[in-house]
>>> print(open('input28.txt').read())   # compact mmCIF, C-alpha atoms and all ligand atoms
# COMPACT_ATOMS: atom_id res chain seq x y z
CA MET A 111 8.35 -25.73 -1.77
CA PRO A 112 11.43 -23.60 -2.70
CA ALA A 113 11.33 -19.83 -2.05
CA PRO A 114 10.08 -17.92 -5.10
CA SER A 115 12.69 -16.37 -7.38
CA THR A 116 10.56 -14.84 -10.15
CA VAL A 117 7.93 -12.53 -8.69
CA LEU A 118 5.18 -10.74 -10.56
CA VAL A 119 4.23 -7.47 -8.87
CA THR A 120 0.82 -6.07 -9.80
CA GLY A 121 0.64 -2.33 -9.27
CA GLY A 122 4.44 -2.34 -9.40
CA ALA A 123 4.61 1.28 -10.61
CA GLY A 124 2.60 2.54 -7.63
CA PHE A 125 3.84 3.91 -4.33
CA ILE A 126 4.19 0.67 -2.39
CA GLY A 127 4.85 -1.35 -5.54
CA SER A 128 7.83 0.71 -6.72
CA HIS A 129 9.58 0.50 -3.34
CA THR A 130 8.83 -3.22 -3.11
CA CYS A 131 10.28 -3.80 -6.59
CA VAL A 132 13.53 -2.07 -5.59
CA GLU A 133 13.74 -4.15 -2.41
CA LEU A 134 13.20 -7.38 -4.38
CA LEU A 135 15.68 -6.42 -7.12
CA ASP A 136 18.23 -5.54 -4.42
CA HIS A 137 17.85 -9.06 -3.05
CA GLY A 138 18.29 -10.92 -6.31
CA TYR A 139 14.68 -11.58 -7.31
CA GLU A 140 13.62 -11.47 -10.95
CA VAL A 141 10.78 -8.91 -10.93
CA ILE A 142 7.99 -8.52 -13.47
CA VAL A 143 5.73 -5.46 -13.24
CA VAL A 144 2.09 -5.39 -14.36
CA ASP A 145 0.35 -2.03 -14.03
CA ASN A 146 -2.42 -0.22 -15.88
CA TYR A 147 -1.03 3.17 -14.76
CA SER A 148 -4.49 4.33 -13.71
CA THR A 149 -3.04 5.95 -10.60
CA SER A 150 0.69 5.75 -11.38
CA SER A 151 3.22 6.66 -14.05
CA PRO A 152 5.34 4.41 -16.32
CA LEU A 153 8.22 6.71 -15.35
CA ALA A 154 8.22 4.97 -11.97
CA CYS A 155 9.61 1.85 -13.68
CA LEU A 156 12.60 3.81 -14.99
CA ARG A 157 13.20 5.11 -11.47
CA ILE A 158 12.96 1.60 -9.99
CA GLN A 159 15.69 0.39 -12.35
CA ARG A 160 17.84 3.45 -11.71
CA VAL A 161 17.62 3.10 -7.92
CA ALA A 162 18.20 -0.67 -7.99
CA GLY A 163 20.89 -0.52 -10.68
CA ARG A 164 19.25 -3.54 -12.29
CA ALA A 165 16.65 -4.09 -14.98
CA LEU A 166 13.15 -5.33 -14.30
CA GLY A 167 12.49 -8.68 -15.94
CA GLY A 168 9.48 -7.23 -17.76
CA VAL A 169 7.09 -4.30 -17.63
CA TYR A 170 3.52 -4.72 -18.91
CA ALA A 171 0.84 -2.05 -19.29
CA VAL A 172 -2.02 -4.43 -18.58
CA ASP A 173 -5.30 -4.13 -16.72
CA LEU A 174 -5.64 -7.21 -14.52
CA ARG A 175 -9.26 -7.61 -15.58
CA ASP A 176 -8.03 -8.31 -19.13
CA ARG A 177 -7.43 -12.05 -18.64
CA ARG A 178 -6.08 -12.65 -22.13
CA ALA A 179 -3.41 -9.94 -21.80
CA LEU A 180 -2.56 -11.08 -18.26
CA SER A 181 -2.23 -14.66 -19.45
CA THR A 182 0.38 -13.57 -22.00
CA VAL A 183 2.55 -12.24 -19.17
CA PHE A 184 2.42 -15.62 -17.40
CA HIS A 185 3.23 -17.34 -20.72
CA GLU A 186 6.33 -15.23 -21.15
CA HIS A 187 7.74 -15.62 -17.62
CA PRO A 188 8.13 -18.56 -15.23
CA VAL A 189 6.32 -16.77 -12.37
CA ASP A 190 6.79 -18.41 -8.94
CA ALA A 191 4.74 -15.99 -6.86
CA VAL A 192 2.59 -12.89 -7.20
CA VAL A 193 2.60 -9.79 -5.02
CA HIS A 194 -0.81 -8.27 -5.71
CA LEU A 195 -0.74 -4.56 -4.89
CA ALA A 196 -2.87 -3.18 -7.72
CA GLY A 197 -6.05 -1.59 -6.49
CA LYS A 198 -7.74 1.52 -5.28
CA ARG A 199 -7.58 2.70 -1.67
CA SER A 200 -8.92 6.22 -1.35
CA VAL A 201 -11.70 6.46 1.25
CA ASP A 202 -13.52 9.49 -0.13
CA GLU A 203 -13.20 8.39 -3.77
CA SER A 204 -14.68 5.01 -2.80
CA VAL A 205 -17.67 6.66 -1.17
CA ARG A 206 -18.27 8.58 -4.41
CA ALA A 207 -17.66 5.58 -6.73
CA PRO A 208 -18.50 2.35 -4.86
CA ILE A 209 -19.20 0.19 -7.93
CA GLU A 210 -15.89 1.14 -9.52
CA TYR A 211 -14.13 0.19 -6.29
CA TYR A 212 -15.69 -3.27 -6.26
CA ASP A 213 -15.00 -3.69 -9.97
CA VAL A 214 -11.33 -2.76 -9.67
CA ASN A 215 -10.49 -4.32 -6.30
CA VAL A 216 -12.58 -7.49 -6.47
CA GLY A 217 -12.73 -7.91 -10.28
CA ALA A 218 -8.96 -7.64 -10.66
CA THR A 219 -8.39 -10.17 -7.89
CA THR A 220 -10.74 -12.83 -9.32
CA SER A 221 -9.22 -12.34 -12.76
CA LEU A 222 -5.70 -12.69 -11.34
CA LEU A 223 -6.64 -15.86 -9.42
CA ASN A 224 -8.11 -17.37 -12.58
CA VAL A 225 -4.99 -16.69 -14.61
CA MET A 226 -2.68 -17.85 -11.81
CA GLN A 227 -4.59 -21.12 -11.55
CA GLY A 228 -4.48 -21.57 -15.32
CA HIS A 229 -0.70 -21.29 -15.22
CA GLY A 230 -0.12 -23.41 -12.11
CA VAL A 231 0.94 -20.43 -9.95
CA HIS A 232 -0.43 -20.72 -6.43
CA GLN A 233 1.64 -18.43 -4.19
CA LEU A 234 0.17 -15.01 -3.52
CA VAL A 235 0.95 -12.04 -1.28
CA PHE A 236 -2.19 -9.91 -1.16
CA CYS A 237 -2.31 -6.25 -0.22
CA SER A 238 -5.16 -5.78 2.21
CA SER A 239 -5.84 -2.86 4.50
CA CYS A 240 -6.24 -1.90 8.16
CA SER A 241 -9.40 -0.08 7.07
CA ILE A 242 -11.31 -3.34 7.31
CA TYR A 243 -11.27 -2.98 11.14
CA GLY A 244 -13.48 0.10 10.78
CA GLU A 245 -14.86 2.08 13.68
CA ALA A 246 -14.16 -0.30 16.55
CA HIS A 247 -12.47 0.22 19.90
CA ASN A 248 -9.50 2.54 20.17
CA GLY A 249 -6.14 0.89 20.76
CA PRO A 250 -4.05 -1.59 18.76
CA HIS A 251 -5.92 -4.12 16.61
CA PRO A 252 -4.72 -7.72 16.52
CA GLU A 253 -5.53 -9.64 13.33
CA SER A 254 -8.26 -11.52 15.21
CA ASP A 255 -10.39 -8.37 15.61
CA PRO A 256 -13.68 -8.51 13.69
CA ALA A 257 -13.99 -6.71 10.36
CA ARG A 258 -16.31 -3.69 10.29
CA PRO A 259 -15.45 -1.96 7.01
CA ALA A 260 -16.78 1.62 7.00
CA ASN A 261 -16.49 2.44 3.29
CA PRO A 262 -16.25 0.66 -0.12
CA ALA A 263 -12.44 0.90 -0.22
CA ALA A 264 -12.33 -1.14 2.99
CA ALA A 265 -15.30 -3.38 2.17
CA SER A 266 -13.89 -4.39 -1.23
CA LYS A 267 -10.61 -5.44 0.43
CA TRP A 268 -12.58 -7.45 2.99
CA VAL A 269 -14.49 -9.21 0.20
CA CYS A 270 -11.13 -10.15 -1.37
CA GLU A 271 -9.80 -11.50 1.92
CA GLN A 272 -12.88 -13.66 2.41
CA MET A 273 -12.69 -14.90 -1.17
CA LEU A 274 -9.01 -15.80 -0.80
CA ALA A 275 -9.65 -17.63 2.48
CA ASP A 276 -12.40 -19.62 0.78
CA VAL A 277 -10.22 -20.48 -2.22
CA CYS A 278 -7.44 -21.64 0.11
CA ARG A 279 -9.88 -23.84 2.03
CA ILE A 280 -11.11 -25.56 -1.12
CA ARG A 281 -7.91 -25.55 -3.17
CA PRO A 282 -5.06 -26.58 -0.83
CA GLU A 283 -2.47 -25.89 -3.53
CA PHE A 284 -2.97 -22.14 -2.92
CA THR A 285 -0.87 -20.32 -0.32
CA VAL A 286 -1.87 -16.75 0.46
CA LEU A 287 -0.49 -14.12 2.81
CA ALA A 288 -2.82 -11.14 3.25
CA LEU A 289 -1.01 -8.08 4.56
CA ARG A 290 -3.15 -5.47 6.26
CA TYR A 291 -1.25 -2.23 5.75
CA PHE A 292 -1.78 0.64 8.09
CA ASN A 293 -0.84 4.08 6.65
CA PRO A 294 2.17 3.89 4.32
CA VAL A 295 4.09 7.16 3.99
CA GLY A 296 7.69 8.36 3.45
CA ALA A 297 9.78 7.73 0.35
CA HIS A 298 13.03 6.13 -0.78
CA PRO A 299 15.95 7.93 0.94
CA SER A 300 17.48 8.72 -2.49
CA GLY A 301 14.58 11.10 -3.23
CA LEU A 302 14.10 9.28 -6.55
CA LEU A 303 11.05 7.23 -5.57
CA GLY A 304 8.01 8.34 -3.67
CA GLU A 305 4.30 8.83 -3.80
CA ASP A 306 3.30 10.46 -7.08
CA PRO A 307 -0.45 10.04 -7.45
CA ARG A 308 -2.14 11.14 -10.64
CA GLY A 309 -4.35 14.16 -10.05
CA GLU A 310 -5.24 15.36 -6.58
CA PRO A 311 -3.66 13.32 -3.80
CA ALA A 312 -6.25 12.14 -1.30
CA ASN A 313 -4.01 11.10 1.55
CA LEU A 314 -2.64 13.24 4.33
CA MET A 315 1.14 13.00 3.79
CA SER A 316 0.98 13.80 0.06
CA ARG A 317 -1.27 16.76 0.75
CA LEU A 318 1.01 17.97 3.53
CA ALA A 319 4.00 17.85 1.19
CA ARG A 320 2.17 19.81 -1.49
CA VAL A 321 0.93 22.45 0.94
CA ALA A 322 4.44 22.83 2.41
CA ALA A 323 5.83 23.23 -1.13
CA GLY A 324 3.28 25.92 -1.93
CA ARG A 325 1.44 23.82 -4.51
CA HIS A 326 -1.77 23.99 -2.48
CA GLY A 327 -3.28 26.57 -0.15
CA ARG A 328 -4.02 25.34 3.35
CA LEU A 329 -4.21 21.76 4.56
CA ARG A 330 -7.79 20.90 5.40
CA ILE A 331 -7.98 18.79 8.55
CA PHE A 332 -11.05 16.61 8.31
CA GLY A 333 -12.64 16.83 11.74
CA GLY A 334 -11.42 18.33 15.01
CA ASP A 335 -14.10 16.74 17.16
CA TYR A 336 -13.03 13.10 17.25
CA ASP A 337 -12.75 11.34 20.59
CA THR A 338 -8.93 11.57 20.59
CA ALA A 339 -6.44 13.59 22.68
CA ASP A 340 -6.43 16.58 20.29
CA GLY A 341 -9.71 15.90 18.48
CA THR A 342 -8.12 14.89 15.14
CA GLY A 343 -8.04 11.38 13.61
CA VAL A 344 -5.35 8.98 14.75
CA ARG A 345 -3.53 6.61 12.39
CA ASP A 346 -0.56 4.26 12.46
CA TYR A 347 1.92 5.65 9.92
CA ILE A 348 4.52 3.27 8.55
CA HIS A 349 7.53 4.06 6.36
CA VAL A 350 7.15 2.64 2.86
CA MET A 351 10.71 1.23 3.08
CA ASP A 352 9.69 -0.80 6.14
CA LEU A 353 6.68 -2.00 4.19
CA ALA A 354 8.87 -2.96 1.22
CA GLU A 355 11.07 -5.00 3.55
CA ALA A 356 7.94 -6.65 4.95
CA HIS A 357 7.04 -7.85 1.46
CA ARG A 358 10.43 -9.47 1.07
CA SER A 359 9.94 -11.16 4.46
CA ALA A 360 6.49 -12.29 3.39
CA LEU A 361 7.86 -13.90 0.22
CA ALA A 362 10.60 -15.62 2.19
CA HIS A 363 7.96 -17.05 4.58
CA LEU A 364 5.24 -17.73 2.03
CA ALA A 365 6.01 -21.41 1.87
CA ASP A 366 6.28 -21.87 5.68
CA ARG A 367 2.68 -23.02 5.84
CA THR A 368 -0.10 -23.70 3.36
CA GLY A 369 -3.46 -21.95 3.36
CA MET A 370 -4.28 -18.35 4.09
CA ARG A 371 -2.66 -16.24 6.79
CA VAL A 372 -3.22 -12.60 7.70
CA PHE A 373 -0.69 -10.13 9.12
CA ASN A 374 -0.94 -6.51 10.22
CA LEU A 375 1.85 -4.25 9.02
CA GLY A 376 2.07 -1.12 11.13
CA SER A 377 4.32 0.56 13.67
CA GLY A 378 2.00 0.03 16.64
CA THR A 379 2.05 3.77 17.39
CA GLY A 380 -0.89 6.13 16.90
CA THR A 381 -0.26 9.63 15.52
CA SER A 382 -2.92 12.32 15.18
CA VAL A 383 -3.27 14.60 12.16
CA LEU A 384 -1.97 17.53 14.24
CA GLU A 385 1.01 15.50 15.46
CA LEU A 386 1.90 14.55 11.89
CA LEU A 387 1.56 18.18 10.86
CA ASP A 388 4.02 19.19 13.59
CA ALA A 389 6.50 16.46 12.64
CA PHE A 390 6.28 17.48 8.99
CA GLY A 391 6.83 21.13 9.94
CA GLU A 392 10.04 20.08 11.76
CA ALA A 393 11.22 18.14 8.72
CA CYS A 394 10.65 20.92 6.22
CA GLY A 395 11.61 23.81 8.49
CA ARG A 396 8.39 25.75 8.09
CA SER A 397 4.95 25.66 9.63
CA VAL A 398 2.26 24.20 7.42
CA PRO A 399 -0.93 26.32 7.21
CA TYR A 400 -4.14 24.49 7.98
CA GLU A 401 -7.82 24.84 8.74
CA VAL A 402 -10.13 22.39 10.49
CA VAL A 403 -13.16 21.46 8.39
CA ASP A 404 -15.96 18.88 8.63
CA ARG A 405 -15.23 15.19 9.02
CA ARG A 406 -14.68 13.25 5.77
CA PRO A 407 -17.40 10.66 4.99
CA GLY A 408 -16.22 7.12 5.61
CA ASP A 409 -13.41 8.14 8.03
CA VAL A 410 -12.96 6.47 11.42
CA THR A 411 -11.53 7.83 14.67
CA GLU A 412 -8.46 5.71 15.20
CA LEU A 413 -6.62 2.82 13.53
CA VAL A 414 -3.48 1.43 15.15
CA ALA A 415 -1.83 -1.95 14.55
CA ASP A 416 -0.86 -4.71 16.85
CA ALA A 417 1.95 -5.86 14.54
CA SER A 418 3.40 -8.42 16.94
CA ALA A 419 2.45 -11.42 14.77
CA ALA A 420 4.76 -10.41 11.89
CA ALA A 421 7.55 -9.75 14.41
CA ARG A 422 7.02 -13.13 16.03
CA GLU A 423 6.74 -15.18 12.84
CA TRP A 424 9.19 -13.42 10.49
CA GLY A 425 11.26 -11.24 12.79
CA TRP A 426 10.00 -8.21 10.86
CA ARG A 427 9.91 -4.92 12.77
CA PRO A 428 9.65 -1.41 11.37
CA THR A 429 12.79 0.61 12.09
CA ARG A 430 12.06 4.09 10.68
CA ASP A 431 10.39 6.70 12.89
CA LEU A 432 7.98 9.54 12.13
CA ALA A 433 10.85 12.01 11.62
CA ALA A 434 12.34 9.76 8.92
CA MET A 435 8.92 9.36 7.27
CA CYS A 436 8.49 13.15 7.07
CA ARG A 437 12.10 13.84 6.06
CA ASP A 438 12.00 11.34 3.20
CA ALA A 439 8.57 12.45 1.97
CA TRP A 440 9.78 16.07 1.99
CA ARG A 441 12.99 15.17 0.14
CA PHE A 442 10.96 13.46 -2.59
CA GLN A 443 8.74 16.53 -2.87
CA GLN A 444 11.77 18.81 -3.19
CA PHE A 445 13.54 16.63 -5.77
CA ASN A 446 10.34 16.14 -7.76
CA PRO A 447 8.33 19.34 -7.46
CA SER A 448 5.62 18.12 -9.83
CA GLY A 449 6.22 14.41 -9.50
CA TYR A 450 8.20 12.11 -11.78
CA THR A 451 7.56 14.16 -14.92
CA THR A 452 9.58 17.12 -13.69
CA GLY A 453 11.97 15.53 -11.22
CA THR A 454 15.52 14.31 -11.60
CA PRO A 455 15.37 11.69 -14.41
N1 LIG B 1 -6.79 13.77 6.56
C1 LIG B 1 -6.94 15.14 6.73
N2 LIG B 1 -6.75 15.95 5.64
C2 LIG B 1 -6.41 15.46 4.41
C3 LIG B 1 -6.26 14.06 4.25
C4 LIG B 1 -6.46 13.24 5.36
O1 LIG B 1 -7.24 15.61 7.81
O2 LIG B 1 -6.27 16.25 3.46
C5 LIG B 1 -6.94 12.89 7.74
C6 LIG B 1 -8.01 11.80 7.61
O3 LIG B 1 -9.26 12.30 8.03
C7 LIG B 1 -7.44 10.71 8.54
C8 LIG B 1 -5.93 10.86 8.40
O4 LIG B 1 -5.72 12.19 7.91
O5 LIG B 1 -7.77 10.99 9.90
C9 LIG B 1 -5.32 9.88 7.41
O6 LIG B 1 -6.02 9.97 6.18
P1 LIG B 1 -5.40 9.35 4.83
O7 LIG B 1 -6.32 9.73 3.72
O8 LIG B 1 -3.96 9.72 4.69
O9 LIG B 1 -5.45 7.78 5.09
P2 LIG B 1 -6.67 6.81 5.50
O10 LIG B 1 -6.43 6.49 6.94
O11 LIG B 1 -7.94 7.51 5.26
O12 LIG B 1 -6.48 5.62 4.63
>>> encode(input="input28.txt", output="structure tokens", more="lines below")
Ligand code: UDP
Amino acid sequence: MPAPSTVLVTGGAGFIGSHTCVELLDHGYEVIVVDNYSTSSPLACLRIQRVAGRALGGVYAVDLRDRRALSTVFHEHPVDAVVHLAGKRSVDESVRAPIEYYDVNVGATTSLLNVMQGHGVHQLVFCSSCSIYGEAHNGPHPESDPARPANPAAASKWVCEQMLADVCRIRPEFTVLALRYFNPVGAHPSGLLGEDPRGEPANLMSRLARVAAGRHGRLRIFGGDYDTADGTGVRDYIHVMDLAEAHRSALAHLADRTGMRVFNLGSGTGTSVLELLDAFGEACGRSVPYEVVDRRPGDVTELVADASAAAREWGWRPTRDLAAMCRDAWRFQQFNPSGYTTGTP
């Protein structure tokens, strides 16, 4: 099977999606974006084209659950492969709205599979999550570790993975790579692309950037009594540019083998909330005010990747360190004080 050349990216206007689109455009792919802009802005697509210096092949404001509208996109473009990033991933939001999380994360994926099958498209890169490992042992997780999802954001991704594995078993024409992301942070070094969530950001790096910029009061650290060196939660932060490169690697290796394969994408290094706070303070040249509050429901102590499989099979290794993640996230915040609407066009 030849390597894909026309790639449809669902959630292409989002944080990971926008950086992935630039990476694919930079490497000659024809890129089609489908996004319902529920958590992102259409302005991201203008930024993608500006950064890449090339036009997207198409941009569609479509909800993946709308099969008829999605089918039109496949009619209009000879799609070779799909990178499916659209979905919801906030832990605390998922605990408050579990049914919506299943509807969006699982419903969109079944709808997409239906439409792909109807159009003879069988190559898929699926965005999964490290959160499916849940509260297990501390230390790096290989892909073989059992799933113990601790919240609906994680559980809905796990349902999708199981469904995709089942489809691949029964329909050998499907090839799926599920990528379990650890914690994507950072931004494009140009300062033109970054994380610009609608409404209140839920994740740590976005909140840090807003607190440092004076848009929010103090950072609330959720829990100082975890069983970690400094009592705060430990995560494996990975630069979004490294993640974007991993998607290009995944597409290049999609046709290596049929069936479903799963890869962790992380740095392999654990960083606590307080350590990230310090690194961010270094990057922005000021100390970030904080207070320690209760644990957040659904959170786990530690999640760190064993990412050796992706290195072994594709030669993919993250190259950007924590300082670069903080520096780039801070640059995006400075260039875009209120996100894409007020930043450099
Ligand atoms: N966190 C925090 N304050 C915040 C947001 C997050 O202390 O305002 C902590 C959270 O408890 C976890 C880590 O930061 O230990 C990463 O959380 P994030 O939401 O960024 O990603 P998650 O790992 O939950 O997907």
>>> axis_aligned_box(input="input28.txt", around="ligand LIG 1 (chain B)", padding_each_side="5 Å", output="AutoDock Vina command-line options")
--center_x -6.6 --center_y 10.9 --center_z 6.7 --size_x 15.3 --size_y 20.6 --size_z 16.4
>>> residues_near_ligand(input="input28.txt", ligand="ligand LIG 1 (chain B)", cutoff="10 Å", atoms="only C-alpha atoms and all ligand atoms", output="VMD selection string")
chain A and resid 199 to 202 239 to 241 263 to 264 291 to 295 311 to 318 321 328 to 334 336 342 to 347 381 to 384 386 to 387 400 to 413
>>> closest_residue(input="input28.txt", among="A:Val172, A:Arg178, A:Pro188, A:Glu203", to="Asn224 (chain A)", atoms="all atoms listed in the file")
A:Arg178
>>> closest_residue(input="input28.txt", among="A:Leu375, A:Ala415, A:Ala275, A:Ala162", to="Ala356 (chain A)", atoms="only C-alpha atoms")
A:Leu375
>>> atom_distance(input="input28.txt", atom1="CA of Leu289 (chain A)", atom2="CA of Ser418 (chain A)")
13.1 Å
